[in-house]
Amino acid sequence: MTRRQREGSPWTGFSAVFLKELADHLGSARMRVLEWLVLLTGIAAVVAAIQDFRANSGQDPFLFLRLFTYAKDPLPAFVSLLSFLVPIVAIGLGFDAVNSEFARRTLGRVLAQPIYRDVLLFGKFLAGVATLTISLLALWLLVFGLGLVLLGVAPSTEEALRALTFLVIAIAYGAVWLAVAILFSVLFRSSATAALAALGVWLLFSILWPILVPFAVRILVPSELDLAFGIPSMEQLGLQLSLSRLSPNTLFGESVLAVLNPGTRALGLVFPSQLRGAIPGAPLPFEQSLLLVWPQITGLIATAILLFAATYVVFQRQEVRA
Amino acid sequence: MMTPDLVIEAKSLTKRYPGGKVAVDRLDLGIGRGEIFGLLGPNGAGKTTTILMLLGLTDVSEGTVRVAGFDPAREPLAVKRRVGYLPDAVGFYDGMTAFENLAYSARLMGLDRKDSRERIAAALTRVRLSGSADARVATFSRGMRQRLGLADILLKRPEVAILDEPTSALDPQSTHELLQMIREMKADGMTILLSSHLLDRVQSVCDRVALFNRGRIALIGSVPELARSVLGGGYAIEIEAAGEGVVETLSSIQGVRRVTREGGHLYRAECDVDCRSAAAAALVGRGVSLLRLAVREPSLDAIYTHYFEGAKDDKAAA
């Protein structure tokens with residue numbers, strides 16, 4: 001009589017875990033530090049951009065979106081800052097999610113309550129995503145508000161839609177890094193080790209990956225053209241693109257580029273023949289931009305889900321005793 | 001064959017860890033309703049592993065378990081609703097107050113707000129922590145944490161309470177208080193399974209004990225039963241007497257097996273029956289001044305030491 005069906009709802013206790021973790025996140029000193037970090041850098045970038053806009057009032061039809069992407073030396077653009085800071089915030093929220101329960105010796109007591117083990121993990125993950133969503137939404141509204149007040153221009157519907165899509169992409173990107181952090185918090189019993197490992201992965205993808213990929217491509221696919229003239233071959237470029245898209249940072253960068261810059265027509269290789277008849281610089285409609293980055297967005301969400309699934313498997317097999 | 005009033009029943013329960021280490025080896029155990037059962041043994045004997053299997057918190061390699069009529073591996077929620085668990089060195093969320101910690105447990109149990117408020121207040125009063133309900137757990141002493149752990153169990157109103165090393169690292173006063181609370185829980189009709197490596201401390205509360213070693217139950221029964229089977233039964237009488245020929249006098253009494261002088265005026269007689277009166281009469285008859293006469297209760301410590309020393313000798317001989 002092997003009954004595979006679980007008794008009771010698999011969600012038993014979910015809201016309790018979710019609300020407790022959310023309250024912990026929102027009330028924690030760590031969260032406040034991270035929020036200030038994001039807030040100050042974000043505002044600095046946007047205010048600097050607005051000052052420039054005022055000086056040379058451009059005829060850009062998507063002026064509002066430029067708020068997010070405009071970079072003024074020495075400050076990077078708002079989106080670049082986010083691509084850098086969101087992973088840090090996410091890792092900060094997740095690196096001690098599970099191992100701290102071991103360290104505080106609360107795991108056994110909590111799991112002896114009538115809940116399934118996965119509820120604890122799922123509650124923690126979703127509470128982290130909710131926290132990210134709340135902080136990013138607040139930041140996004142702040143930028144939007146600053147734009148309205150300081151620029152005095154109201155965004156068009158299309159701009160609002162694009163900005164909103166950008167928010168969703170940023171949350172998905174944060175969820176990926178949160179899943180990485182929680183995975184390490186399950187793998188390593190020491191939260192310091194887990195934090196270091198997660199930061200290591202982040203460094204790998206944000207700094208080392210773009211450097212390593214061209215090297216790897218040259219080794220994997222040698223080409224005479226490349227050796228003789230230093231011009232990469234088609235295969236090399238294709239592989240390079242595929243490899244670099246393994247990094248969530250690339251996926252985030254590409255999707256944000258296409259969504260916030262309506263002039264983007266393609267991500268990756270484009271042949272002149274494909275551009276025949278196109279008006280250079282003419283913006284794509286919102287649906288077309290969305291279609292363009294759909295693979296990137298689904299890729300980000302899928303990565304988060306896969307990482308969470310891996311965490312789930314490891315956690316289910318782990319012994320409760322410390 | 002199921003006995004109806006067995007609350008915990010394990011049959012040839014086995015736990016093998018990856019790598020071949022056998023933590024629990026074909027364990028048979030039956031614990032009746034309303035009993036306080038002690039699982040005793042040295043560290044690493046498999047006590048905690050057994051407890052985790054009873055709760056469904058670790059997989060069973062072989063054998064069957066039923067707790068409160070349910071299989072912990074198949075129906076973990078049903079088991080966990082009926083069983084309260086105090087882990088070894090229980091932990092709480094330090095940044096939260098005692099009340100908040102219990103409120104979290106109550107929410108996990110699915111209690112509604114009003115019900116949980118009442119239960120938490122009652123549980124905290126029972127463990128005498130109602131004055132510290134709003135203090136952060138970080139400020140709590142070890143004894144207070146342990147008591148808060150009991151409150152966590154009381155909150156659930158379980159049929160069975162499983163306490164893993166409830167008295168370890170507690171001072172004598174806290175230990176005494178804790179054992180008193182465990183007795184009170186039994187009076188409420190709860191079945192209690194507790195594990196410990198401190199034999200003499202828990203001896204006083206346990207109805208029955210199982211001595212555990214290397215994943216197996218070596219001995220099981222009430223303390224007097226074990227004493228009879230291990231120490232060869234009978235009574236040990238302590239006599240303090242001043243005078244000549246005490247050993248000879250005592251040895252001549254019927255039922256006395258052995259008399260030893262333990263130094264000074266202290267003697268010890270091992271006998272098959274309680275022959276205190278006969279000893280007193282004989283000694284006074286000889287003109288010896290009798291200072292003290294007492295039956296020594298068989299202690300778990302003695303049983304344990306005696307048994308495992310014997311087991312070691314067997315092993316050495318083999």
# chains A, B, ... in the order shown; residues from 1 in each chain; ligands from 1
>>> interface_residues(of="chain B", to="chain A", cutoff="8 Å", atoms="only C-alpha atoms", output="PDB file with all heavy atoms, in the first residue's frame")
ATOM      1  N   LEU B  55       9.015  11.096  14.534  1.00  0.00           N
ATOM      2  CA  LEU B  55       8.351  12.320  14.105  1.00  0.00           C
ATOM      3  C   LEU B  55       8.243  12.419  12.588  1.00  0.00           C
ATOM      4  O   LEU B  55       7.665  13.372  12.075  1.00  0.00           O
ATOM      5  CB  LEU B  55       9.139  13.531  14.614  1.00  0.00           C
ATOM      6  CG  LEU B  55       8.999  13.840  16.099  1.00  0.00           C
ATOM      7  CD1 LEU B  55      10.138  14.695  16.561  1.00  0.00           C
ATOM      8  CD2 LEU B  55       7.680  14.526  16.348  1.00  0.00           C
ATOM      9  N   LEU B  57      10.748  13.059  10.712  1.00  0.00           N
ATOM     10  CA  LEU B  57      11.687  14.088  10.270  1.00  0.00           C
ATOM     11  C   LEU B  57      12.918  13.496   9.602  1.00  0.00           C
ATOM     12  O   LEU B  57      13.736  14.211   9.051  1.00  0.00           O
ATOM     13  CB  LEU B  57      12.111  14.971  11.445  1.00  0.00           C
ATOM     14  CG  LEU B  57      11.025  15.884  11.995  1.00  0.00           C
ATOM     15  CD1 LEU B  57      11.548  16.736  13.127  1.00  0.00           C
ATOM     16  CD2 LEU B  57      10.458  16.777  10.903  1.00  0.00           C
ATOM     17  N   THR B  58      13.057  12.184   9.691  1.00  0.00           N
ATOM     18  CA  THR B  58      14.111  11.532   8.927  1.00  0.00           C
ATOM     19  C   THR B  58      13.555  10.209   8.419  1.00  0.00           C
ATOM     20  O   THR B  58      12.641   9.644   9.015  1.00  0.00           O
ATOM     21  CB  THR B  58      15.390  11.350   9.780  1.00  0.00           C
ATOM     22  OG1 THR B  58      16.454  10.970   8.929  1.00  0.00           O
ATOM     23  CG2 THR B  58      15.219  10.293  10.839  1.00  0.00           C
ATOM     24  N   ARG B  74       4.134   8.377   6.140  1.00  0.00           N
ATOM     25  CA  ARG B  74       3.047   8.548   5.170  1.00  0.00           C
ATOM     26  C   ARG B  74       2.096   9.676   5.549  1.00  0.00           C
ATOM     27  O   ARG B  74       1.542  10.335   4.689  1.00  0.00           O
ATOM     28  CB  ARG B  74       2.240   7.252   5.049  1.00  0.00           C
ATOM     29  CG  ARG B  74       3.060   6.093   4.607  1.00  0.00           C
ATOM     30  CD  ARG B  74       2.572   5.564   3.278  1.00  0.00           C
ATOM     31  NE  ARG B  74       3.542   4.626   2.764  1.00  0.00           N
ATOM     32  CZ  ARG B  74       4.516   4.955   1.942  1.00  0.00           C
ATOM     33  NH1 ARG B  74       4.651   6.197   1.534  1.00  0.00           N
ATOM     34  NH2 ARG B  74       5.373   4.055   1.526  1.00  0.00           N
ATOM     35  N   GLU B  75       1.868   9.816   6.836  1.00  0.00           N
ATOM     36  CA  GLU B  75       0.915  10.843   7.279  1.00  0.00           C
ATOM     37  C   GLU B  75       1.590  11.775   8.280  1.00  0.00           C
ATOM     38  O   GLU B  75       1.202  11.843   9.440  1.00  0.00           O
ATOM     39  CB  GLU B  75      -0.300  10.180   7.926  1.00  0.00           C
ATOM     40  CG  GLU B  75      -1.093   9.319   6.982  1.00  0.00           C
ATOM     41  CD  GLU B  75      -1.635   8.075   7.660  1.00  0.00           C
ATOM     42  OE1 GLU B  75      -0.844   7.310   8.246  1.00  0.00           O
ATOM     43  OE2 GLU B  75      -2.838   7.882   7.638  1.00  0.00           O
ATOM     44  N   PRO B  76       2.631  12.476   7.812  1.00  0.00           N
ATOM     45  CA  PRO B  76       3.405  13.279   8.771  1.00  0.00           C
ATOM     46  C   PRO B  76       2.582  14.357   9.461  1.00  0.00           C
ATOM     47  O   PRO B  76       2.775  14.623  10.635  1.00  0.00           O
ATOM     48  CB  PRO B  76       4.515  13.890   7.908  1.00  0.00           C
ATOM     49  CG  PRO B  76       4.033  13.799   6.516  1.00  0.00           C
ATOM     50  CD  PRO B  76       3.136  12.604   6.450  1.00  0.00           C
ATOM     51  N   LEU B  77       1.650  14.956   8.728  1.00  0.00           N
ATOM     52  CA  LEU B  77       0.892  16.045   9.346  1.00  0.00           C
ATOM     53  C   LEU B  77       0.010  15.541  10.474  1.00  0.00           C
ATOM     54  O   LEU B  77      -0.112  16.180  11.514  1.00  0.00           O
ATOM     55  CB  LEU B  77       0.051  16.797   8.312  1.00  0.00           C
ATOM     56  CG  LEU B  77       0.800  17.553   7.222  1.00  0.00           C
ATOM     57  CD1 LEU B  77      -0.086  18.640   6.634  1.00  0.00           C
ATOM     58  CD2 LEU B  77       2.083  18.154   7.724  1.00  0.00           C
ATOM     59  N   ALA B  78      -0.605  14.364  10.267  1.00  0.00           N
ATOM     60  CA  ALA B  78      -1.459  13.793  11.309  1.00  0.00           C
ATOM     61  C   ALA B  78      -0.631  13.516  12.557  1.00  0.00           C
ATOM     62  O   ALA B  78      -1.066  13.777  13.676  1.00  0.00           O
ATOM     63  CB  ALA B  78      -2.112  12.512  10.799  1.00  0.00           C
ATOM     64  N   VAL B  79       0.583  12.995  12.354  1.00  0.00           N
ATOM     65  CA  VAL B  79       1.456  12.710  13.495  1.00  0.00           C
ATOM     66  C   VAL B  79       1.875  14.005  14.170  1.00  0.00           C
ATOM     67  O   VAL B  79       1.791  14.157  15.386  1.00  0.00           O
ATOM     68  CB  VAL B  79       2.685  11.888  13.051  1.00  0.00           C
ATOM     69  CG1 VAL B  79       3.709  11.808  14.162  1.00  0.00           C
ATOM     70  CG2 VAL B  79       2.258  10.500  12.612  1.00  0.00           C
ATOM     71  N   LYS B  80       2.308  14.972  13.346  1.00  0.00           N
ATOM     72  CA  LYS B  80       2.830  16.212  13.937  1.00  0.00           C
ATOM     73  C   LYS B  80       1.748  17.026  14.642  1.00  0.00           C
ATOM     74  O   LYS B  80       2.059  17.844  15.490  1.00  0.00           O
ATOM     75  CB  LYS B  80       3.472  17.063  12.838  1.00  0.00           C
ATOM     76  CG  LYS B  80       4.785  16.487  12.311  1.00  0.00           C
ATOM     77  CD  LYS B  80       5.332  17.447  11.306  1.00  0.00           C
ATOM     78  CE  LYS B  80       6.408  16.883  10.420  1.00  0.00           C
ATOM     79  NZ  LYS B  80       6.743  17.887   9.398  1.00  0.00           N
ATOM     80  N   ARG B  81       0.482  16.822  14.243  1.00  0.00           N
ATOM     81  CA  ARG B  81      -0.592  17.521  14.949  1.00  0.00           C
ATOM     82  C   ARG B  81      -0.789  16.952  16.339  1.00  0.00           C
ATOM     83  O   ARG B  81      -1.302  17.622  17.217  1.00  0.00           O
ATOM     84  CB  ARG B  81      -1.900  17.414  14.160  1.00  0.00           C
ATOM     85  CG  ARG B  81      -2.180  18.647  13.305  1.00  0.00           C
ATOM     86  CD  ARG B  81      -3.595  18.629  12.790  1.00  0.00           C
ATOM     87  NE  ARG B  81      -3.788  17.590  11.790  1.00  0.00           N
ATOM     88  CZ  ARG B  81      -3.559  17.767  10.492  1.00  0.00           C
ATOM     89  NH1 ARG B  81      -3.137  18.920  10.053  1.00  0.00           N
ATOM     90  NH2 ARG B  81      -3.756  16.788   9.642  1.00  0.00           N
ATOM     91  N   GLY B  84       4.032  16.669  20.312  1.00  0.00           N
ATOM     92  CA  GLY B  84       4.842  17.856  20.581  1.00  0.00           C
ATOM     93  C   GLY B  84       6.292  17.438  20.706  1.00  0.00           C
ATOM     94  O   GLY B  84       6.586  16.356  21.198  1.00  0.00           O
ATOM     95  N   TYR B  85       7.188  18.294  20.235  1.00  0.00           N
ATOM     96  CA  TYR B  85       8.599  17.899  20.207  1.00  0.00           C
ATOM     97  C   TYR B  85       9.466  19.007  20.784  1.00  0.00           C
ATOM     98  O   TYR B  85       9.350  20.162  20.389  1.00  0.00           O
ATOM     99  CB  TYR B  85       8.984  17.617  18.750  1.00  0.00           C
ATOM    100  CG  TYR B  85      10.457  17.359  18.491  1.00  0.00           C
ATOM    101  CD1 TYR B  85      11.200  16.485  19.296  1.00  0.00           C
ATOM    102  CD2 TYR B  85      11.109  17.973  17.424  1.00  0.00           C
ATOM    103  CE1 TYR B  85      12.534  16.245  19.039  1.00  0.00           C
ATOM    104  CE2 TYR B  85      12.442  17.737  17.159  1.00  0.00           C
ATOM    105  CZ  TYR B  85      13.150  16.875  17.965  1.00  0.00           C
ATOM    106  OH  TYR B  85      14.475  16.639  17.714  1.00  0.00           O
ATOM    107  N   LEU B  86      10.292  18.635  21.733  1.00  0.00           N
ATOM    108  CA  LEU B  86      11.286  19.565  22.275  1.00  0.00           C
ATOM    109  C   LEU B  86      12.657  19.055  21.853  1.00  0.00           C
ATOM    110  O   LEU B  86      13.133  18.060  22.381  1.00  0.00           O
ATOM    111  CB  LEU B  86      11.194  19.609  23.804  1.00  0.00           C
ATOM    112  CG  LEU B  86      12.229  20.470  24.519  1.00  0.00           C
ATOM    113  CD1 LEU B  86      11.962  21.937  24.279  1.00  0.00           C
ATOM    114  CD2 LEU B  86      12.237  20.181  25.998  1.00  0.00           C
ATOM    115  N   PRO B  87      13.282  19.699  20.862  1.00  0.00           N
ATOM    116  CA  PRO B  87      14.565  19.185  20.382  1.00  0.00           C
ATOM    117  C   PRO B  87      15.680  19.396  21.408  1.00  0.00           C
ATOM    118  O   PRO B  87      15.535  20.199  22.323  1.00  0.00           O
ATOM    119  CB  PRO B  87      14.852  20.010  19.124  1.00  0.00           C
ATOM    120  CG  PRO B  87      13.675  20.857  18.895  1.00  0.00           C
ATOM    121  CD  PRO B  87      12.875  20.903  20.136  1.00  0.00           C
ATOM    122  N   ALA B  89      18.708  20.928  22.909  1.00  0.00           N
ATOM    123  CA  ALA B  89      19.166  22.324  22.852  1.00  0.00           C
ATOM    124  C   ALA B  89      18.252  23.152  21.956  1.00  0.00           C
ATOM    125  O   ALA B  89      18.664  23.683  20.935  1.00  0.00           O
ATOM    126  CB  ALA B  89      20.606  22.406  22.347  1.00  0.00           C
ATOM    127  N   VAL B  90      17.014  23.258  22.392  1.00  0.00           N
ATOM    128  CA  VAL B  90      15.994  23.931  21.568  1.00  0.00           C
ATOM    129  C   VAL B  90      16.368  25.394  21.317  1.00  0.00           C
ATOM    130  O   VAL B  90      16.961  26.047  22.168  1.00  0.00           O
ATOM    131  CB  VAL B  90      14.612  23.819  22.254  1.00  0.00           C
ATOM    132  CG1 VAL B  90      14.609  24.512  23.592  1.00  0.00           C
ATOM    133  CG2 VAL B  90      13.503  24.352  21.363  1.00  0.00           C
ATOM    134  N   GLY B  91      16.041  25.874  20.116  1.00  0.00           N
ATOM    135  CA  GLY B  91      16.352  27.259  19.776  1.00  0.00           C
ATOM    136  C   GLY B  91      15.088  28.048  19.487  1.00  0.00           C
ATOM    137  O   GLY B  91      14.065  27.484  19.111  1.00  0.00           O
ATOM    138  N   PHE B  92      15.202  29.348  19.687  1.00  0.00           N
ATOM    139  CA  PHE B  92      14.087  30.244  19.366  1.00  0.00           C
ATOM    140  C   PHE B  92      14.623  31.397  18.548  1.00  0.00           C
ATOM    141  O   PHE B  92      15.834  31.594  18.460  1.00  0.00           O
ATOM    142  CB  PHE B  92      13.427  30.751  20.647  1.00  0.00           C
ATOM    143  CG  PHE B  92      12.668  29.680  21.365  1.00  0.00           C
ATOM    144  CD1 PHE B  92      13.296  28.903  22.320  1.00  0.00           C
ATOM    145  CD2 PHE B  92      11.353  29.416  21.048  1.00  0.00           C
ATOM    146  CE1 PHE B  92      12.605  27.884  22.957  1.00  0.00           C
ATOM    147  CE2 PHE B  92      10.667  28.402  21.685  1.00  0.00           C
ATOM    148  CZ  PHE B  92      11.293  27.630  22.632  1.00  0.00           C
ATOM    149  N   TYR B  93      13.711  32.178  17.969  1.00  0.00           N
ATOM    150  CA  TYR B  93      14.145  33.370  17.247  1.00  0.00           C
ATOM    151  C   TYR B  93      14.471  34.440  18.283  1.00  0.00           C
ATOM    152  O   TYR B  93      13.578  34.963  18.948  1.00  0.00           O
ATOM    153  CB  TYR B  93      13.051  33.817  16.272  1.00  0.00           C
ATOM    154  CG  TYR B  93      12.752  32.749  15.255  1.00  0.00           C
ATOM    155  CD1 TYR B  93      11.646  31.940  15.362  1.00  0.00           C
ATOM    156  CD2 TYR B  93      13.650  32.504  14.216  1.00  0.00           C
ATOM    157  CE1 TYR B  93      11.407  30.930  14.454  1.00  0.00           C
ATOM    158  CE2 TYR B  93      13.418  31.502  13.300  1.00  0.00           C
ATOM    159  CZ  TYR B  93      12.297  30.717  13.419  1.00  0.00           C
ATOM    160  OH  TYR B  93      12.063  29.715  12.534  1.00  0.00           O
ATOM    161  N   TYR B 104       4.113  32.365  16.546  1.00  0.00           N
ATOM    162  CA  TYR B 104       4.528  31.793  15.256  1.00  0.00           C
ATOM    163  C   TYR B 104       4.208  30.300  15.214  1.00  0.00           C
ATOM    164  O   TYR B 104       3.633  29.802  14.238  1.00  0.00           O
ATOM    165  CB  TYR B 104       6.018  32.047  15.039  1.00  0.00           C
ATOM    166  CG  TYR B 104       6.574  31.552  13.723  1.00  0.00           C
ATOM    167  CD1 TYR B 104       5.870  31.744  12.537  1.00  0.00           C
ATOM    168  CD2 TYR B 104       7.799  30.903  13.665  1.00  0.00           C
ATOM    169  CE1 TYR B 104       6.386  31.291  11.336  1.00  0.00           C
ATOM    170  CE2 TYR B 104       8.320  30.458  12.465  1.00  0.00           C
ATOM    171  CZ  TYR B 104       7.608  30.647  11.301  1.00  0.00           C
ATOM    172  OH  TYR B 104       8.123  30.204  10.115  1.00  0.00           O
ATOM    173  N   SER B 105       4.550  29.593  16.289  1.00  0.00           N
ATOM    174  CA  SER B 105       4.218  28.166  16.361  1.00  0.00           C
ATOM    175  C   SER B 105       2.716  27.970  16.228  1.00  0.00           C
ATOM    176  O   SER B 105       2.257  27.070  15.519  1.00  0.00           O
ATOM    177  CB  SER B 105       4.675  27.573  17.693  1.00  0.00           C
ATOM    178  OG  SER B 105       6.061  27.608  17.790  1.00  0.00           O
ATOM    179  N   ARG B 107       0.553  29.837  14.750  1.00  0.00           N
ATOM    180  CA  ARG B 107       0.107  30.054  13.364  1.00  0.00           C
ATOM    181  C   ARG B 107       0.454  28.855  12.499  1.00  0.00           C
ATOM    182  O   ARG B 107      -0.318  28.449  11.643  1.00  0.00           O
ATOM    183  CB  ARG B 107       0.744  31.310  12.790  1.00  0.00           C
ATOM    184  CG  ARG B 107      -0.005  32.577  13.147  1.00  0.00           C
ATOM    185  CD  ARG B 107       0.308  33.707  12.178  1.00  0.00           C
ATOM    186  NE  ARG B 107       1.724  34.007  12.110  1.00  0.00           N
ATOM    187  CZ  ARG B 107       2.353  34.805  12.958  1.00  0.00           C
ATOM    188  NH1 ARG B 107       1.695  35.380  13.930  1.00  0.00           N
ATOM    189  NH2 ARG B 107       3.652  35.026  12.842  1.00  0.00           N
ATOM    190  N   LEU B 108       1.639  28.281  12.746  1.00  0.00           N
ATOM    191  CA  LEU B 108       2.028  27.091  11.974  1.00  0.00           C
ATOM    192  C   LEU B 108       1.080  25.934  12.269  1.00  0.00           C
ATOM    193  O   LEU B 108       0.845  25.084  11.416  1.00  0.00           O
ATOM    194  CB  LEU B 108       3.471  26.690  12.290  1.00  0.00           C
ATOM    195  CG  LEU B 108       4.552  27.619  11.767  1.00  0.00           C
ATOM    196  CD1 LEU B 108       5.913  27.191  12.286  1.00  0.00           C
ATOM    197  CD2 LEU B 108       4.567  27.636  10.243  1.00  0.00           C
ATOM    198  N   MET B 109       0.560  25.899  13.504  1.00  0.00           N
ATOM    199  CA  MET B 109      -0.387  24.837  13.852  1.00  0.00           C
ATOM    200  C   MET B 109      -1.751  25.107  13.251  1.00  0.00           C
ATOM    201  O   MET B 109      -2.631  24.251  13.295  1.00  0.00           O
ATOM    202  CB  MET B 109      -0.549  24.772  15.376  1.00  0.00           C
ATOM    203  CG  MET B 109       0.604  24.164  16.110  1.00  0.00           C
ATOM    204  SD  MET B 109       0.349  24.393  17.884  1.00  0.00           S
ATOM    205  CE  MET B 109       2.037  24.556  18.419  1.00  0.00           C
ATOM    206  N   GLY B 110      -1.957  26.331  12.765  1.00  0.00           N
ATOM    207  CA  GLY B 110      -3.239  26.680  12.167  1.00  0.00           C
ATOM    208  C   GLY B 110      -4.270  27.118  13.187  1.00  0.00           C
ATOM    209  O   GLY B 110      -5.467  27.069  12.922  1.00  0.00           O
TER     210      GLY B 110
END
>>> residues_around(residues="range 271-278 of chain B", least_positions_apart="2", cutoff="7 Å", atoms="only C-alpha atoms", output="PyMOL selection string")
chain B and resi 234-236+255-257+269+280-282
>>> atom_distance(atom1="CA of Arg189 in chain A", atom2="CA of Gly128 in chain A")
19.6 Å
>>> select_by_dssp(residues="range 54-158 of chain B", states="strand (DSSP E)", output="list in words")
Glu62, Gly63, Thr64, Val65, Arg66, Val67, Val83, Gly84, Tyr85 and Leu86 of chain B
>>> atom_distance(atom1="CA of Val137 in chain B", atom2="CA of Asn101 in chain B")
8.4 Å
>>> select_by_dssp(residues="range 93-261 of chain A", states="helix (DSSP H, G or I)", output="number ranges by chain")
A: 93-94, 99-103, 107-111, 117-151, 157-187, 191-220, 224-229, 234-244, 248-260
>>> atom_distance(atom1="CA of Ser156 in chain A", atom2="CA of Pro280 in chain A")
22.3 Å
>>> residues_around(residues="Phe140 in chain B", least_positions_apart="2", cutoff="12 Å", atoms="only C-alpha atoms", output="PyMOL selection string")
chain B and resi 91-98+129+132-138+142-149
>>> residues_around(residues="range 21-27 of chain B", least_positions_apart="4", cutoff="8 Å", atoms="only C-alpha atoms", output="PyMOL selection string")
chain B and resi 10-17+45-46+49-50+63+214-217
>>> closest_residue(among="B:Arg228, B:His197, B:Arg292, B:Arg183", to="Leu266 in chain B", atoms="only C-alpha atoms")
B:Arg292
>>> residues_around(residues="Val186 in chain A", least_positions_apart="5", cutoff="9 Å", atoms="only C-alpha atoms", output="list in words")
Phe95, Asp96, Ala97, Val98, Asn99, Ala181, Ala194, Thr311, Tyr312, Val314, Phe315 and Gln318 of chain A
>>> write_last_selection(atoms="N, CA and C atoms", output="PDB file, in the first residue's frame")
ATOM      1  N   PHE A  95      21.025  34.880   1.825  1.00  0.00           N
ATOM      2  CA  PHE A  95      22.195  34.025   2.070  1.00  0.00           C
ATOM      3  C   PHE A  95      22.113  33.229   3.368  1.00  0.00           C
ATOM      4  N   ASP A  96      21.301  33.689   4.333  1.00  0.00           N
ATOM      5  CA  ASP A  96      21.209  32.923   5.584  1.00  0.00           C
ATOM      6  C   ASP A  96      19.804  32.386   5.820  1.00  0.00           C
ATOM      7  N   ALA A  97      19.055  32.213   4.727  1.00  0.00           N
ATOM      8  CA  ALA A  97      17.654  31.828   4.868  1.00  0.00           C
ATOM      9  C   ALA A  97      17.501  30.510   5.632  1.00  0.00           C
ATOM     10  N   VAL A  98      18.224  29.491   5.224  1.00  0.00           N
ATOM     11  CA  VAL A  98      18.020  28.177   5.830  1.00  0.00           C
ATOM     12  C   VAL A  98      19.086  27.875   6.879  1.00  0.00           C
ATOM     13  N   ASN A  99      20.352  28.223   6.573  1.00  0.00           N
ATOM     14  CA  ASN A  99      21.385  27.837   7.541  1.00  0.00           C
ATOM     15  C   ASN A  99      21.244  28.560   8.874  1.00  0.00           C
ATOM     16  N   ALA A 181      21.160  32.627  -3.757  1.00  0.00           N
ATOM     17  CA  ALA A 181      21.537  32.808  -2.357  1.00  0.00           C
ATOM     18  C   ALA A 181      20.902  31.739  -1.477  1.00  0.00           C
ATOM     19  N   ALA A 194      28.146  30.742   2.819  1.00  0.00           N
ATOM     20  CA  ALA A 194      27.071  30.848   1.830  1.00  0.00           C
ATOM     21  C   ALA A 194      27.095  32.230   1.173  1.00  0.00           C
ATOM     22  N   THR A 311      17.297  23.721  -5.071  1.00  0.00           N
ATOM     23  CA  THR A 311      17.336  23.972  -3.633  1.00  0.00           C
ATOM     24  C   THR A 311      16.378  23.043  -2.905  1.00  0.00           C
ATOM     25  N   TYR A 312      15.195  22.906  -3.475  1.00  0.00           N
ATOM     26  CA  TYR A 312      14.151  22.076  -2.901  1.00  0.00           C
ATOM     27  C   TYR A 312      14.629  20.636  -2.752  1.00  0.00           C
ATOM     28  N   VAL A 314      17.728  19.479  -2.662  1.00  0.00           N
ATOM     29  CA  VAL A 314      18.803  19.367  -1.664  1.00  0.00           C
ATOM     30  C   VAL A 314      18.216  19.448  -0.262  1.00  0.00           C
ATOM     31  N   PHE A 315      17.291  20.388  -0.073  1.00  0.00           N
ATOM     32  CA  PHE A 315      16.733  20.596   1.264  1.00  0.00           C
ATOM     33  C   PHE A 315      15.920  19.394   1.732  1.00  0.00           C
ATOM     34  N   GLN A 318      18.113  16.752   3.147  1.00  0.00           N
ATOM     35  CA  GLN A 318      18.999  17.088   4.251  1.00  0.00           C
ATOM     36  C   GLN A 318      18.450  16.541   5.572  1.00  0.00           C
TER      37      GLN A 318
END
>>> residues_around(residues="Leu194 in chain B", least_positions_apart="6", cutoff="12 Å", atoms="only C-alpha atoms", output="ChimeraX atom specification")
/B:31,35-41,47-48,50-51,84-88,160-168,179,182-183,201-203,205-210
>>> residues_around(residues="Leu269 in chain A", least_positions_apart="4", cutoff="12 Å", atoms="only C-alpha atoms", output="PyMOL selection string")
chain A and resi 233-242+265+273-275
>>> closest_residue(among="A:Leu121, A:Leu257, A:Ile297, A:Ile171", to="Ile134 in chain A", atoms="only C-alpha atoms")
A:Ile171
